[in-house]
Amino acid sequence: MIEQRTGGASFGSGDEGRFFQQLRLGDAYNNIEDPANAERAYREALAIQQKILGPNDRGLALTMMKLAAQPPREQRC
């Protein structure tokens, strides 16, 4: 059951802490209006969370919403 829950991926004891750290970092970057770094932090948090929960788990919703709420980057020619 544990292997099914984690998608068969191994994760370390520091992954959960790194996930929450990246999530808080993304929130902090949003507070200072730095969407590029907020997006980077949320993407890292999502990658960690997907490693732990699997790619289709409902638990990813909040992190995905935070990532989706980032303004689009400007296209440079």
# chains A, B, ... in the order shown; residues from 1 in each chain; ligands from 1
$ residues_around --residues "A:Glu16" --least-positions-apart "6" --cutoff "9 Å" --atoms "only C-alpha atoms" --output "list in words"
Ile48, Gln49 and Ile52 of chain A
$ write_last_selection --atoms "C-alpha atoms" --output "compact mmCIF listing (two decimals), in the first residue's frame"
# COMPACT_ATOMS: atom_id res chain seq x y z
CA ILE A 48 8.99 17.10 -4.74
CA GLN A 49 5.31 16.56 -4.00
CA ILE A 52 6.17 11.61 -2.88
$ residues_around --residues "A:Arg43" --least-positions-apart "5" --cutoff "12 Å" --atoms "only C-alpha atoms" --output "list in words"
Phe19, Gln22, Leu23, Leu25, Gly26, Pro35, Ala36, Asn37, Ala38, Ile48, Gln49, Gln50, Leu60, Thr63, Met64, Met65, Lys66, Leu67, Ala68 and Gln70 of chain A
$ write_last_selection --atoms "all heavy atoms" --output "short mmCIF file (atom, residue, chain, number, x, y, z; two decimals), in the first residue's frame"
data_model
loop_
_atom_site.label_atom_id
_atom_site.label_comp_id
_atom_site.auth_asym_id
_atom_site.auth_seq_id
_atom_site.Cartn_x
_atom_site.Cartn_y
_atom_site.Cartn_z
N PHE A 19 9.92 20.43 0.54
CA PHE A 19 8.66 20.81 -0.08
C PHE A 19 8.07 22.04 0.60
O PHE A 19 7.73 23.03 -0.05
CB PHE A 19 7.65 19.65 -0.03
CG PHE A 19 6.24 20.09 -0.27
CD1 PHE A 19 5.82 20.47 -1.54
CD2 PHE A 19 5.34 20.16 0.78
CE1 PHE A 19 4.52 20.90 -1.76
CE2 PHE A 19 4.04 20.59 0.56
CZ PHE A 19 3.63 20.96 -0.70
N GLN A 22 10.10 25.22 -0.06
CA GLN A 22 9.89 25.79 -1.39
C GLN A 22 8.52 26.46 -1.49
O GLN A 22 8.39 27.51 -2.12
CB GLN A 22 10.05 24.71 -2.46
CG GLN A 22 11.46 24.22 -2.64
CD GLN A 22 12.40 25.34 -3.04
OE1 GLN A 22 12.12 26.14 -3.92
NE2 GLN A 22 13.55 25.39 -2.39
N LEU A 23 7.53 25.86 -0.87
CA LEU A 23 6.19 26.46 -0.88
C LEU A 23 6.20 27.81 -0.17
O LEU A 23 5.66 28.80 -0.69
CB LEU A 23 5.20 25.50 -0.21
CG LEU A 23 3.75 25.60 -0.62
CD1 LEU A 23 3.56 25.36 -2.11
CD2 LEU A 23 2.92 24.62 0.17
N LEU A 25 8.82 29.69 0.27
CA LEU A 25 9.65 30.57 -0.53
C LEU A 25 8.84 31.17 -1.69
O LEU A 25 8.93 32.37 -1.97
CB LEU A 25 10.86 29.80 -1.06
CG LEU A 25 11.97 30.59 -1.72
CD1 LEU A 25 12.55 31.62 -0.77
CD2 LEU A 25 13.06 29.63 -2.17
N GLY A 26 8.05 30.35 -2.36
CA GLY A 26 7.18 30.85 -3.42
C GLY A 26 6.22 31.91 -2.91
O GLY A 26 6.02 32.95 -3.55
N PRO A 35 7.40 37.26 -9.47
CA PRO A 35 6.73 36.06 -9.95
C PRO A 35 7.65 35.02 -10.58
O PRO A 35 7.35 33.83 -10.52
CB PRO A 35 5.71 36.60 -10.96
CG PRO A 35 6.23 37.92 -11.37
CD PRO A 35 6.99 38.46 -10.20
N ALA A 36 8.74 35.44 -11.17
CA ALA A 36 9.65 34.47 -11.79
C ALA A 36 10.25 33.53 -10.75
O ALA A 36 10.28 32.31 -10.93
CB ALA A 36 10.75 35.19 -12.56
N ASN A 37 10.70 34.08 -9.63
CA ASN A 37 11.26 33.24 -8.58
C ASN A 37 10.18 32.48 -7.82
O ASN A 37 10.41 31.37 -7.36
CB ASN A 37 12.12 34.07 -7.61
CG ASN A 37 13.49 34.32 -8.18
OD1 ASN A 37 14.14 33.41 -8.70
ND2 ASN A 37 13.94 35.56 -8.11
N ALA A 38 8.99 33.07 -7.73
CA ALA A 38 7.87 32.36 -7.11
C ALA A 38 7.54 31.13 -7.94
O ALA A 38 7.35 30.03 -7.39
CB ALA A 38 6.65 33.27 -6.98
N ILE A 48 8.77 17.88 -5.96
CA ILE A 48 8.99 17.10 -4.74
C ILE A 48 7.70 16.39 -4.35
O ILE A 48 7.70 15.20 -4.02
CB ILE A 48 9.48 18.01 -3.59
CG1 ILE A 48 10.87 18.57 -3.91
CG2 ILE A 48 9.50 17.24 -2.27
CD1 ILE A 48 11.27 19.74 -3.04
N GLN A 49 6.60 17.11 -4.39
CA GLN A 49 5.31 16.56 -4.00
C GLN A 49 4.91 15.41 -4.93
O GLN A 49 4.39 14.40 -4.48
CB GLN A 49 4.27 17.66 -3.99
CG GLN A 49 3.03 17.33 -3.21
CD GLN A 49 2.09 18.50 -3.14
OE1 GLN A 49 2.07 19.37 -4.00
NE2 GLN A 49 1.28 18.54 -2.09
N GLN A 50 5.14 15.58 -6.22
CA GLN A 50 4.82 14.52 -7.18
C GLN A 50 5.68 13.29 -6.93
O GLN A 50 5.21 12.16 -7.09
CB GLN A 50 5.01 15.01 -8.61
CG GLN A 50 3.94 15.95 -9.06
CD GLN A 50 4.20 16.54 -10.42
OE1 GLN A 50 5.33 16.81 -10.79
NE2 GLN A 50 3.14 16.74 -11.18
N LEU A 60 -1.94 17.28 -4.79
CA LEU A 60 -1.15 18.23 -5.57
C LEU A 60 -1.92 19.51 -5.88
O LEU A 60 -1.35 20.49 -6.35
CB LEU A 60 -0.73 17.60 -6.91
CG LEU A 60 0.06 16.29 -6.84
CD1 LEU A 60 0.27 15.75 -8.25
CD2 LEU A 60 1.38 16.47 -6.14
N THR A 63 -0.72 23.13 -4.58
CA THR A 63 0.54 23.54 -5.19
C THR A 63 0.34 23.89 -6.66
O THR A 63 0.88 24.89 -7.15
CB THR A 63 1.60 22.43 -5.04
OG1 THR A 63 1.67 22.02 -3.68
CG2 THR A 63 2.97 22.92 -5.48
N MET A 64 -0.47 23.10 -7.35
CA MET A 64 -0.75 23.39 -8.76
C MET A 64 -1.52 24.70 -8.92
O MET A 64 -1.27 25.46 -9.86
CB MET A 64 -1.52 22.23 -9.38
CG MET A 64 -0.68 20.97 -9.50
SD MET A 64 -1.62 19.58 -10.11
CE MET A 64 -1.19 19.70 -11.84
N MET A 65 -2.42 24.99 -7.99
CA MET A 65 -3.17 26.25 -8.05
C MET A 65 -2.24 27.43 -7.83
O MET A 65 -2.35 28.46 -8.51
CB MET A 65 -4.30 26.26 -7.03
CG MET A 65 -5.44 25.36 -7.42
SD MET A 65 -6.92 25.39 -6.36
CE MET A 65 -6.40 26.00 -4.80
N LYS A 66 -1.31 27.30 -6.89
CA LYS A 66 -0.35 28.38 -6.64
C LYS A 66 0.51 28.62 -7.88
O LYS A 66 0.77 29.76 -8.26
CB LYS A 66 0.53 28.05 -5.44
CG LYS A 66 -0.18 28.18 -4.10
CD LYS A 66 0.74 27.79 -2.97
CE LYS A 66 0.10 27.96 -1.63
NZ LYS A 66 0.26 29.30 -1.07
N LEU A 67 0.92 27.54 -8.52
CA LEU A 67 1.73 27.65 -9.73
C LEU A 67 0.91 28.28 -10.86
O LEU A 67 1.39 29.17 -11.57
CB LEU A 67 2.26 26.28 -10.12
CG LEU A 67 3.16 26.22 -11.34
CD1 LEU A 67 4.38 27.11 -11.18
CD2 LEU A 67 3.59 24.78 -11.57
N ALA A 68 -0.32 27.85 -11.02
CA ALA A 68 -1.17 28.36 -12.09
C ALA A 68 -1.52 29.84 -11.90
O ALA A 68 -1.79 30.54 -12.88
CB ALA A 68 -2.46 27.54 -12.18
N GLN A 70 0.45 32.17 -11.11
CA GLN A 70 1.55 33.05 -11.47
C GLN A 70 1.26 33.74 -12.80
O GLN A 70 0.78 33.11 -13.73
CB GLN A 70 2.86 32.27 -11.56
CG GLN A 70 3.30 31.65 -10.26
CD GLN A 70 3.30 32.66 -9.13
OE1 GLN A 70 4.00 33.66 -9.17
NE2 GLN A 70 2.50 32.40 -8.12
#
$ atom_distance --atom1 "atom CA of A:Asp27" --atom2 "atom CA of A:Gly59"
18.1 Å
$ atom_distance --atom1 "atom CA of A:Ala28" --atom2 "atom CA of A:Arg40"
12.2 Å
